[in-house]
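Raw contents of input_37.cif, mmCIF, C-alpha atoms and all ligand atoms:
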```cif
data_final
#
loop_
_atom_site.label_atom_id
_atom_site.label_comp_id
_atom_site.auth_asym_id
_atom_site.auth_seq_id
_atom_site.Cartn_x
_atom_site.Cartn_y
_atom_site.Cartn_z
CA MET A 1 0.00 0.00 0.00
CA GLU A 2 1.33 3.42 -0.94
CA CYS A 3 1.88 5.75 2.02
CA THR A 4 2.78 9.44 2.18
CA PHE A 5 4.26 11.68 4.82
CA LYS A 6 3.35 15.36 4.57
CA LEU A 7 5.27 18.24 6.10
CA LYS A 8 3.83 21.59 5.09
CA PRO A 9 5.14 24.54 7.09
CA ASP A 10 8.64 25.84 7.51
CA ILE A 11 9.22 25.75 11.26
CA TYR A 12 11.22 28.46 13.04
CA PHE A 13 11.93 27.77 16.70
CA ASN A 14 13.72 28.89 19.87
CA MET A 15 13.49 32.07 21.85
CA GLY A 16 13.47 35.19 19.67
CA SER A 17 12.43 33.37 16.50
CA ILE A 18 9.46 35.73 16.11
CA GLN A 19 11.96 38.17 14.55
CA VAL A 20 11.78 36.15 11.34
CA LEU A 21 8.63 38.19 10.64
CA GLU A 22 10.99 41.04 9.66
CA ASN A 23 12.15 39.01 6.65
CA ILE A 24 8.86 38.06 5.07
CA THR A 25 7.46 39.48 1.86
CA GLY A 26 4.04 41.11 1.70
CA SER A 27 2.25 44.43 1.95
CA ARG A 28 -0.75 44.05 4.30
CA ALA A 29 -1.23 41.63 7.17
CA PHE A 30 -4.42 40.50 8.86
CA ILE A 31 -3.62 39.45 12.44
CA VAL A 32 -5.96 37.11 14.32
CA SER A 33 -5.57 37.10 18.11
CA ASP A 34 -7.38 37.60 21.41
CA SER A 35 -7.56 40.21 24.17
CA ILE A 36 -5.09 38.30 26.38
CA MET A 37 -2.38 38.39 23.70
CA GLU A 38 -3.08 42.10 23.31
CA LYS A 39 -2.81 42.67 27.08
CA LEU A 40 0.44 40.70 27.32
CA GLY A 41 1.99 42.83 24.56
CA TYR A 42 2.56 39.97 22.07
CA LEU A 43 0.21 41.50 19.56
CA GLN A 44 2.05 44.83 19.56
CA LYS A 45 5.38 43.01 19.17
CA THR A 46 4.00 41.18 16.12
CA ILE A 47 2.82 44.44 14.56
CA GLU A 48 6.25 46.02 15.13
CA HIS A 49 8.15 43.13 13.54
CA LEU A 50 5.83 43.19 10.52
CA ASN A 51 6.30 46.96 10.28
CA LYS A 52 10.04 46.43 9.94
CA ALA A 53 9.29 44.27 6.90
CA GLY A 54 7.24 47.16 5.45
CA ILE A 55 3.95 45.39 6.19
CA SER A 56 0.99 47.26 7.70
CA SER A 57 -1.52 45.39 9.89
CA THR A 58 -5.24 45.08 10.48
CA VAL A 59 -6.04 43.39 13.77
CA PHE A 60 -8.90 41.13 14.86
CA THR A 61 -8.87 40.30 18.59
CA GLY A 62 -12.33 38.76 18.84
CA VAL A 63 -11.18 35.15 19.34
CA ARG A 64 -12.78 33.21 22.20
CA PRO A 65 -11.93 29.69 23.42
CA ASP A 66 -13.48 26.96 21.25
CA PRO A 67 -14.32 29.39 18.44
CA GLY A 68 -17.85 29.39 17.11
CA ILE A 69 -19.04 30.14 13.62
CA GLU A 70 -20.20 33.64 14.69
CA VAL A 71 -16.64 34.66 15.64
CA ILE A 72 -15.38 33.34 12.33
CA ALA A 73 -18.03 35.29 10.41
CA GLU A 74 -17.02 38.46 12.27
CA GLY A 75 -13.35 37.85 11.39
CA MET A 76 -14.16 37.03 7.75
CA LYS A 77 -15.79 40.41 7.21
CA LEU A 78 -12.73 42.30 8.48
CA TYR A 79 -10.31 40.00 6.66
CA GLU A 80 -12.05 40.44 3.32
CA GLU A 81 -12.14 44.22 3.81
CA SER A 82 -8.43 44.26 4.66
CA GLY A 83 -7.31 42.82 1.29
CA ALA A 84 -4.40 41.22 3.20
CA ASP A 85 -1.75 39.11 1.50
CA VAL A 86 -0.36 37.86 4.84
CA LEU A 87 -2.45 36.15 7.54
CA VAL A 88 -0.92 35.88 11.02
CA ALA A 89 -2.46 33.94 13.92
CA ILE A 90 -0.88 34.56 17.31
CA GLY A 91 -2.46 32.74 20.25
CA GLY A 92 -3.61 29.33 21.41
CA GLY A 93 -5.25 26.61 19.35
CA SER A 94 -8.52 28.54 19.40
CA THR A 95 -6.84 31.52 17.70
CA ILE A 96 -5.03 29.47 15.06
CA ASP A 97 -8.22 27.52 14.34
CA THR A 98 -10.16 30.78 14.00
CA ALA A 99 -7.66 32.06 11.41
CA LYS A 100 -7.96 28.74 9.56
CA GLY A 101 -11.75 29.02 9.64
CA ILE A 102 -11.64 32.59 8.33
CA MET A 103 -9.42 31.56 5.44
CA TYR A 104 -11.36 28.36 4.69
CA PHE A 105 -14.81 29.91 4.58
CA SER A 106 -13.72 33.11 2.81
CA TRP A 107 -12.34 30.94 0.03
CA HIS A 108 -15.04 28.34 -0.10
CA MET A 109 -17.77 30.94 -0.23
CA GLY A 110 -16.00 32.65 -3.12
CA ASN A 111 -15.80 36.03 -1.31
CA THR A 112 -12.06 36.45 -1.70
CA LYS A 113 -12.08 35.51 -5.37
CA ASN A 114 -14.74 38.16 -6.02
CA LYS A 115 -12.48 40.72 -4.36
CA GLY A 116 -9.46 39.61 -6.39
CA MET A 117 -7.56 38.45 -3.28
CA LYS A 118 -4.79 35.84 -3.45
CA LYS A 119 -4.34 33.03 -0.93
CA PRO A 120 -2.30 34.69 1.85
CA LEU A 121 1.00 33.62 3.30
CA PHE A 122 -0.33 31.99 6.48
CA ILE A 123 1.87 32.27 9.58
CA ALA A 124 0.94 30.59 12.89
CA ILE A 125 2.57 31.57 16.17
CA PRO A 126 1.30 29.33 19.00
CA SER A 127 1.08 30.77 22.53
CA THR A 128 0.13 27.45 24.14
CA SER A 129 1.96 24.12 23.89
CA GLY A 130 -0.63 21.54 23.06
CA THR A 131 -2.77 21.60 19.95
CA GLY A 132 -0.02 21.57 17.30
CA SER A 133 -2.48 23.55 15.18
CA GLU A 134 0.47 25.56 13.80
CA VAL A 135 1.40 22.54 11.66
CA THR A 136 -1.87 20.70 11.12
CA ASN A 137 -4.47 20.62 8.40
CA PHE A 138 -7.23 20.48 11.06
CA THR A 139 -9.48 23.21 12.37
CA VAL A 140 -12.09 22.64 15.06
CA ILE A 141 -15.12 24.90 14.95
CA THR A 142 -18.13 24.93 17.27
CA SER A 143 -21.52 25.15 15.66
CA LYS A 144 -24.88 24.68 17.43
CA GLY A 145 -23.27 23.06 20.48
CA GLU A 146 -21.16 20.63 18.42
CA LYS A 147 -17.44 20.76 17.67
CA VAL A 148 -16.91 20.09 13.99
CA CYS A 149 -13.48 19.18 12.56
CA ILE A 150 -12.59 20.43 9.12
CA VAL A 151 -9.63 18.51 7.71
CA ASP A 152 -8.20 20.10 4.59
CA ASP A 153 -4.62 20.77 3.44
CA PHE A 154 -5.82 24.21 2.38
CA VAL A 155 -5.82 25.39 6.03
CA ALA A 156 -2.31 24.16 6.93
CA PRO A 157 -0.06 27.14 7.75
CA ASP A 158 2.91 28.00 5.50
CA MET A 159 5.11 29.07 8.41
CA ALA A 160 5.08 28.07 12.08
CA ILE A 161 7.03 30.16 14.59
CA LEU A 162 7.71 28.48 17.94
CA ASP A 163 9.03 31.34 20.04
CA SER A 164 8.87 30.26 23.65
CA THR A 165 8.78 33.86 24.88
CA CYS A 166 5.14 33.79 23.71
CA ILE A 167 4.27 31.04 26.18
CA GLN A 168 5.85 32.55 29.28
CA ASN A 169 2.62 33.63 30.95
CA VAL A 170 0.46 30.60 30.40
CA PRO A 171 -1.62 29.87 33.54
CA GLN A 172 -0.77 26.63 35.36
CA ARG A 173 -4.08 24.96 34.53
CA VAL A 174 -3.66 25.75 30.82
CA ILE A 175 -0.10 24.29 30.94
CA ALA A 176 -1.55 21.03 32.29
CA ASP A 177 -4.47 20.87 29.84
CA THR A 178 -2.50 21.72 26.74
CA GLY A 179 0.47 19.51 27.67
CA ILE A 180 -1.81 16.51 28.14
CA ASP A 181 -3.49 17.38 24.82
CA ALA A 182 -0.08 17.01 23.12
CA LEU A 183 0.44 13.68 24.91
CA VAL A 184 -2.96 12.43 23.72
CA HIS A 185 -2.14 13.52 20.15
CA ALA A 186 1.04 11.43 20.24
CA ILE A 187 -0.59 8.38 21.84
CA GLU A 188 -3.57 8.42 19.47
CA SER A 189 -1.31 8.94 16.46
CA TYR A 190 0.91 6.04 17.62
CA VAL A 191 -2.00 3.58 17.76
CA SER A 192 -3.80 5.01 14.72
CA ILE A 193 -4.45 2.59 11.89
CA LYS A 194 -2.45 5.01 9.70
CA ALA A 195 0.73 5.07 11.85
CA THR A 196 4.04 4.68 9.98
CA ASP A 197 7.74 4.59 10.90
CA PHE A 198 7.87 8.34 10.20
CA THR A 199 5.03 9.21 12.55
CA ASP A 200 6.19 6.67 15.17
CA ALA A 201 9.50 8.54 15.46
CA LEU A 202 7.67 11.81 16.13
CA CYS A 203 5.26 10.24 18.63
CA GLU A 204 7.97 8.44 20.57
CA LYS A 205 9.97 11.65 20.94
CA THR A 206 6.86 13.63 21.94
CA ILE A 207 5.91 11.13 24.64
CA LYS A 208 9.40 11.11 26.14
CA LEU A 209 9.60 14.93 26.09
CA ILE A 210 6.20 15.27 27.79
CA PHE A 211 6.99 12.74 30.52
CA GLU A 212 10.39 14.34 31.11
CA ASN A 213 9.35 18.00 31.09
CA LEU A 214 5.65 18.69 31.61
CA GLU A 215 5.65 18.36 35.40
CA SER A 216 8.69 20.66 35.71
CA LEU A 217 7.01 23.25 33.50
CA TYR A 218 3.78 22.96 35.51
CA GLN A 219 5.72 23.59 38.72
CA ASP A 220 7.74 26.47 37.31
CA ALA A 221 6.53 28.23 34.16
CA LYS A 222 9.84 30.16 34.13
CA ASN A 223 11.82 26.97 33.42
CA SER A 224 12.83 27.90 29.86
CA ASP A 225 14.35 24.49 29.08
CA ALA A 226 11.14 22.67 29.97
CA ARG A 227 9.15 25.31 28.10
CA ASP A 228 11.13 24.79 24.87
CA HIS A 229 10.88 21.00 25.14
CA VAL A 230 7.12 20.97 25.76
CA GLN A 231 6.53 23.39 22.92
CA ASN A 232 8.63 21.29 20.55
CA ALA A 233 6.77 18.18 21.71
CA SER A 234 3.43 19.78 20.91
CA CYS A 235 4.60 20.64 17.39
CA LEU A 236 6.11 17.18 16.78
CA ALA A 237 2.82 15.56 17.79
CA GLY A 238 0.97 17.92 15.44
CA ILE A 239 3.13 16.80 12.50
CA ALA A 240 2.43 13.18 13.45
CA PHE A 241 -1.33 13.41 13.74
CA THR A 242 -1.82 15.56 10.67
CA ASN A 243 -0.48 12.46 8.87
CA THR A 244 -2.22 9.71 10.83
CA GLY A 245 -5.43 11.25 12.11
CA LEU A 246 -6.45 10.78 15.75
CA GLY A 247 -8.92 8.48 17.50
CA ILE A 248 -11.94 8.23 19.77
CA ASN A 249 -10.23 10.05 22.65
CA HIS A 250 -10.62 13.18 20.51
CA SER A 251 -14.06 12.24 19.15
CA LEU A 252 -15.39 11.84 22.70
CA ALA A 253 -13.62 15.02 23.87
CA HIS A 254 -15.03 17.05 20.98
CA ALA A 255 -18.58 15.96 21.80
CA MET A 256 -18.06 16.74 25.51
CA GLY A 257 -16.47 20.10 24.74
CA GLY A 258 -19.36 21.07 22.46
CA ALA A 259 -22.01 20.08 25.01
CA PHE A 260 -20.37 21.22 28.27
CA HIS A 261 -17.60 23.71 27.33
CA ILE A 262 -14.92 21.64 29.03
CA PRO A 263 -11.44 22.84 27.95
CA HIS A 264 -10.23 20.57 25.14
CA GLY A 265 -7.10 19.29 26.90
CA ARG A 266 -8.93 18.63 30.18
CA ALA A 267 -11.60 16.56 28.40
CA ASN A 268 -8.87 14.58 26.65
CA ALA A 269 -7.00 14.05 29.92
CA ILE A 270 -10.02 12.65 31.77
CA LEU A 271 -10.79 10.29 28.88
CA LEU A 272 -7.25 9.06 28.21
CA ASN A 273 -6.99 6.02 30.49
CA PRO A 274 -10.54 4.71 29.89
CA VAL A 275 -9.87 4.96 26.12
CA ILE A 276 -6.57 3.07 26.45
CA GLU A 277 -8.36 0.35 28.46
CA TYR A 278 -11.03 0.11 25.77
CA ASN A 279 -8.66 0.04 22.78
CA ALA A 280 -6.38 -2.52 24.42
CA GLU A 281 -9.37 -4.68 25.45
CA LEU A 282 -7.88 -4.78 28.92
CA LEU A 283 -10.98 -6.44 30.35
CA GLY A 284 -10.66 -9.17 27.69
CA SER A 285 -7.67 -10.68 25.90
CA ALA A 286 -5.42 -7.56 26.00
CA ASN A 287 -4.00 -8.99 22.81
CA THR A 288 -4.99 -6.34 20.28
CA TYR A 289 -2.90 -4.25 17.89
CA ALA A 290 -3.43 -1.30 20.22
CA ALA A 291 -2.36 -3.30 23.30
CA LYS A 292 0.88 -4.20 21.51
CA ARG A 293 1.51 -0.55 20.64
CA TYR A 294 0.74 0.72 24.16
CA ALA A 295 3.10 -1.92 25.56
CA LYS A 296 5.80 -0.61 23.22
CA LEU A 297 5.26 2.87 24.65
CA ALA A 298 5.54 1.45 28.16
CA ARG A 299 8.96 -0.01 27.30
CA LEU A 300 9.98 3.34 25.80
CA LEU A 301 9.24 4.89 29.21
CA GLN A 302 11.35 2.19 30.92
CA LEU A 303 8.26 0.52 32.38
CA GLN A 304 8.00 -3.24 32.67
CA ALA A 305 6.07 -4.85 29.79
CA ARG A 306 6.78 -8.59 29.77
CA THR A 307 3.28 -9.08 28.34
CA TYR A 308 1.06 -6.64 26.46
CA ARG A 309 -1.27 -6.57 29.47
CA GLU A 310 1.54 -5.68 31.85
CA GLY A 311 2.72 -2.93 29.51
CA VAL A 312 -0.76 -1.41 29.17
CA VAL A 313 -1.36 -1.53 32.93
CA ASN A 314 1.97 0.15 33.63
CA LEU A 315 1.41 2.82 30.98
CA ILE A 316 -1.98 3.61 32.52
CA GLY A 317 -0.30 3.81 35.94
CA ALA A 318 2.32 6.27 34.64
CA ILE A 319 -0.37 8.46 33.06
CA GLU A 320 -2.40 8.36 36.28
CA LYS A 321 0.62 9.57 38.25
CA LEU A 322 1.41 12.34 35.76
CA GLU A 323 -2.20 13.53 35.71
CA ARG A 324 -2.42 13.44 39.52
CA ASN A 325 0.67 15.63 39.76
CA LEU A 326 -0.87 18.06 37.26
CA GLY A 327 -4.11 18.32 39.22
CA VAL A 328 -6.25 16.60 36.57
CA GLU A 329 -9.63 15.39 37.83
CA LYS A 330 -10.57 11.72 37.42
CA SER A 331 -14.21 12.36 36.52
CA VAL A 332 -16.42 15.07 35.08
CA SER A 333 -18.33 15.40 38.37
CA SER A 334 -15.24 17.11 39.82
CA LEU A 335 -15.57 19.73 37.05
CA LYS A 336 -18.84 20.94 38.57
CA ILE A 337 -20.84 19.38 35.78
CA GLU A 338 -24.15 18.03 36.97
CA GLN A 339 -23.91 14.26 36.84
CA ASP A 340 -27.59 13.88 35.90
CA LYS A 341 -27.24 16.30 32.99
CA PHE A 342 -24.08 14.50 31.81
CA LYS A 343 -25.85 11.13 32.00
CA THR A 344 -28.86 12.28 30.01
CA THR A 345 -26.59 13.78 27.33
CA MET A 346 -24.35 10.70 26.96
CA GLU A 347 -26.35 9.06 24.21
CA GLN A 348 -26.43 12.19 22.07
CA MET A 349 -22.70 12.81 22.66
CA ALA A 350 -21.90 9.19 21.71
CA GLU A 351 -23.83 9.58 18.45
CA THR A 352 -21.89 12.77 17.68
CA ALA A 353 -18.56 11.14 18.58
CA LEU A 354 -19.27 8.16 16.33
CA LEU A 355 -19.54 10.53 13.35
CA ASP A 356 -16.48 12.62 14.32
CA ARG A 357 -13.65 12.90 11.75
CA CYS A 358 -11.26 11.33 14.29
CA THR A 359 -13.18 8.05 14.75
CA PRO A 360 -12.26 6.21 11.50
CA THR A 361 -8.52 6.10 12.38
CA ASN A 362 -9.08 4.66 15.88
CA PRO A 363 -7.47 1.20 16.26
CA ARG A 364 -10.73 -0.40 17.49
CA LYS A 365 -14.01 0.22 15.70
CA PRO A 366 -16.47 1.36 18.36
CA SER A 367 -20.23 1.00 18.59
CA LYS A 368 -22.42 3.70 20.08
CA GLU A 369 -22.82 1.52 23.19
CA ASP A 370 -19.02 1.23 23.54
CA LEU A 371 -18.73 5.02 23.55
CA ILE A 372 -21.53 5.40 26.08
CA GLY A 373 -19.62 2.86 28.23
CA ILE A 374 -16.54 5.11 28.19
CA TYR A 375 -18.63 8.16 29.15
CA GLN A 376 -20.12 6.13 32.01
CA LYS A 377 -16.65 5.42 33.35
CA ILE A 378 -15.82 9.11 33.67
CA SER A 379 -19.23 10.33 34.87
N1 LIG B 401 -6.41 22.46 14.79
C1 LIG B 401 -5.90 21.46 15.48
O1 LIG B 401 -5.09 20.71 14.97
C2 LIG B 401 -6.34 21.29 16.91
C3 LIG B 401 -5.81 20.25 17.67
C4 LIG B 401 -6.22 20.13 18.99
C5 LIG B 401 -7.14 21.04 19.52
N2 LIG B 401 -7.65 22.02 18.75
C6 LIG B 401 -8.61 23.02 19.27
O2 LIG B 401 -7.87 24.08 19.88
C7 LIG B 401 -8.65 24.66 20.93
C8 LIG B 401 -7.88 24.65 22.23
O3 LIG B 401 -6.68 25.40 22.10
P1 LIG B 401 -5.70 25.59 23.35
O4 LIG B 401 -5.73 24.34 24.15
O5 LIG B 401 -4.42 26.09 22.83
O6 LIG B 401 -6.43 26.68 24.23
P2 LIG B 401 -7.05 28.11 23.84
O7 LIG B 401 -6.47 28.62 22.60
O8 LIG B 401 -8.55 27.96 23.89
O9 LIG B 401 -6.57 29.00 25.06
C9 LIG B 401 -6.97 28.70 26.39
C10 LIG B 401 -6.88 29.97 27.24
O10 LIG B 401 -5.51 30.31 27.45
C11 LIG B 401 -5.28 31.67 27.10
N3 LIG B 401 -3.92 31.81 26.61
C12 LIG B 401 -3.42 31.34 25.45
N4 LIG B 401 -2.10 31.62 25.37
C13 LIG B 401 -1.75 32.28 26.50
C14 LIG B 401 -0.53 32.82 26.99
N5 LIG B 401 0.62 32.72 26.34
N6 LIG B 401 -0.54 33.45 28.19
C15 LIG B 401 -1.70 33.54 28.91
N7 LIG B 401 -2.89 33.03 28.50
C16 LIG B 401 -2.91 32.40 27.30
C17 LIG B 401 -6.34 31.98 26.04
O11 LIG B 401 -6.60 33.35 25.94
C18 LIG B 401 -7.54 31.17 26.57
O12 LIG B 401 -8.24 31.91 27.53
C19 LIG B 401 -9.92 23.82 21.04
O13 LIG B 401 -10.97 24.46 20.36
C20 LIG B 401 -9.53 22.52 20.37
O14 LIG B 401 -10.65 21.81 19.87
C21 LIG B 401 -7.24 22.17 17.47
ZN ZN B 402 -6.27 17.77 20.84
#
```
Please go through the file and, once you have read it, give me the structure as C-alpha cells.
Ligand SMILES: NC(=O)c1ccc[n+]([C@@H]2O[C@H](COP(=O)([O-])OP(=O)(O)OC[C@H]3O[C@@H](n4cnc5c(N)ncnc54)[C@H](O)[C@@H]3O)[C@@H](O)[C@H]2O)c1
Ligand SMILES: [Zn+2]
Amino acid sequence: MECTFKLKPDIYFNMGSIQVLENITGSRAFIVSDSIMEKLGYLQKTIEHLNKAGISSTVFTGVRPDPGIEVIAEGMKLYEESGADVLVAIGGGSTIDTAKGIMYFSWHMGNTKNKGMKKPLFIAIPSTSGTGSEVTNFTVITSKGEKVCIVDDFVAPDMAILDSTCIQNVPQRVIADTGIDALVHAIESYVSIKATDFTDALCEKTIKLIFENLESLYQDAKNSDARDHVQNASCLAGIAFTNTGLGINHSLAHAMGGAFHIPHGRANAILLNPVIEYNAELLGSANTYAAKRYAKLARLLQLQARTYREGVVNLIGAIEKLERNLGVEKSVSSLKIEQDKFKTTMEQMAETALLDRCTPTNPRKPSKEDLIGIYQKIS
C-alpha cells in the first residue's frame, strides 16, 4: 500500500524566532488574536516586527476559546475588507483555528475571489503548547453546540514560529491541559491505523519529552528548558497526527467540549486512560494491535512490559501519576458538571462522537454503546 508523509510549514523555533517576521514578503497583514495576547503585549510586538518588513496590519482580537461560527463570520468580514496578503495567527489553538476558519470559509464561499484576493501567506505563532495547530491541516469549529473538525490541506499554515517567549505567561491549569493534549495527540497517532515509521518517530519523541518536562514546567513556568521542550513536543505531535489522524479520545472530547464547554485538553485528559483500556481490550484478551503498541510505549518509558497486558497496565499507571501531579480530575463530576445532565446527554454525545472525523482512524471500531460505556466510566 502506498503511504505518504506530509510536512507543510517551515518551522522556526527557539526564543526570539518571532523576529523572522521582519524578513517576510508582503504588503498588508491580517492578524488574528485575542484580548489576552493584546494585554500581554505579544500583539504589539507582532505588529512592530511586521512593520520592519514594510507590512501594515489590520487586527482582529475577537477570538474566544473553542471558536464558534459567529466569531469566524465576524473575522471574515474584516479580513475580506483588509485585502491582506499575509495572515498571522498569534495565540492558542482557538486563535489558530479561528484564522484557519476565516481563510477556509472566505475561500469556499467565493468572497475572496470576487475581491481579487490571493491566498495569503499563512503564519501561525502558538502561545500554548498543546494543539499543534500551527502545523496541522485540522481546524475545530463549534456550531450549534457541536465541535466540527474540518480537515483540509488548504488550512495548513505555510510558516510556524515556535518562540517560547510567547508562552511565558500561560496559567498553570492551561499548561496542564495543553500539555496533556499534546500527549494524547502522540498516543492516538501512535496507535492510529495510519501510523508509519515516520510518525512513530515523532510520537515516541513527543511522549518522552512530555513525561520528562511537563511536570517541571507545571511547577515552574519560568523553566525555559522545559518550556522549549514541551513546545517542541506539541509541534512534533501535530506533525504526526496531521499524517495519521487521531482516535476516539478526541471524538469523545469534541462531543463533551461542544455540550459542556470543558477545555479541550482537560476533556482529553479525563478520557485518556478509559480509552486506552477500551482500545487494548484490557478487560478481555489484552492482545490487540493497540495493546501491543501501548506496551511498546511502556517499554519506551522504561516501564516493565513482559506481556502486552503488563505494559498497558503500567502505561496507565504512569499516566495516572502524571495527571495526579498536574491536578487533573478523574471524573467530570469534579468539574462541577451536573452528573444527571451528563448522563442524560451521553447518548447524544456518543452519536456525535461516532460521526467525528477522528473516529475512523481509531485502532478499534467502536459502537455507540461502547462510547456510552466510556462516558459512564468518567461520569
Ligand atoms: N487544529 C488542530 O489541529 C487542533 C488540535 C487540537 C485542539 N484544537 C482546538 O484548539 C482549541 C484549544 O486550544 P488551546 O488548548 O491552545 O487553548 P485556547 O487557545 O482555547 O486557550 C486557552 C486559554 O488560554 C489563554 N492563553 C493562550 N495563550 C496564553 C498565553 N501565552 N498566556 C496567557 N494566557 C494564554 C487563552 O486566551 C484562553 O483563555 C480547542 O478548540 C480545540 O478543539 C485544534
Ligand atoms: Zn487535541
Requested in this report: Show me which residues sit within 8 Å of ligand LIG 401 (chain B) when counting only C-alpha atoms and all ligand atoms, and put them as a VMD selection string.
Outcome: chain A and resid 34 to 37 40 64 to 67 91 to 97 126 to 142 147 166 to 171 174 177 to 178 181 185 238 242 254 257 263 to 265
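Distance cut-off 12 Å, centre (10.8, 25.7, 11.1), atoms counted only C-alpha atoms; the residues meeting this are Leu7, Lys8, Pro9, Asp10, Ile11, Tyr12, Phe13, Asn14, Ser17, Ile18, Val20, Ile123, Ala124, Ile125, Glu134, Val135, Pro157, Asp158, Met159, Ala160, Ile161, Leu162, Asp163, Asn232, Cys235, Leu236 and Ile239 of chain A.
When CA of Tyr218 in chain A is paired with CA of Gln231 in chain A, their separation reads 12.9 Å.
Among A:Arg28, A:Lys292, A:Lys52, A:Lys321, the residue with the shortest atom-to-atom distance to Glu81 in chain A, counting all atoms listed in the file, is A:Arg28.
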Query raised in the report: Ala259 in chain A: which residues within 7 Å, counting only C-alpha atoms, same-chain residues fewer than 3 positions away excluded, as an MDAnalysis selection string?
Result: chainID A and resid 145:146 255:256
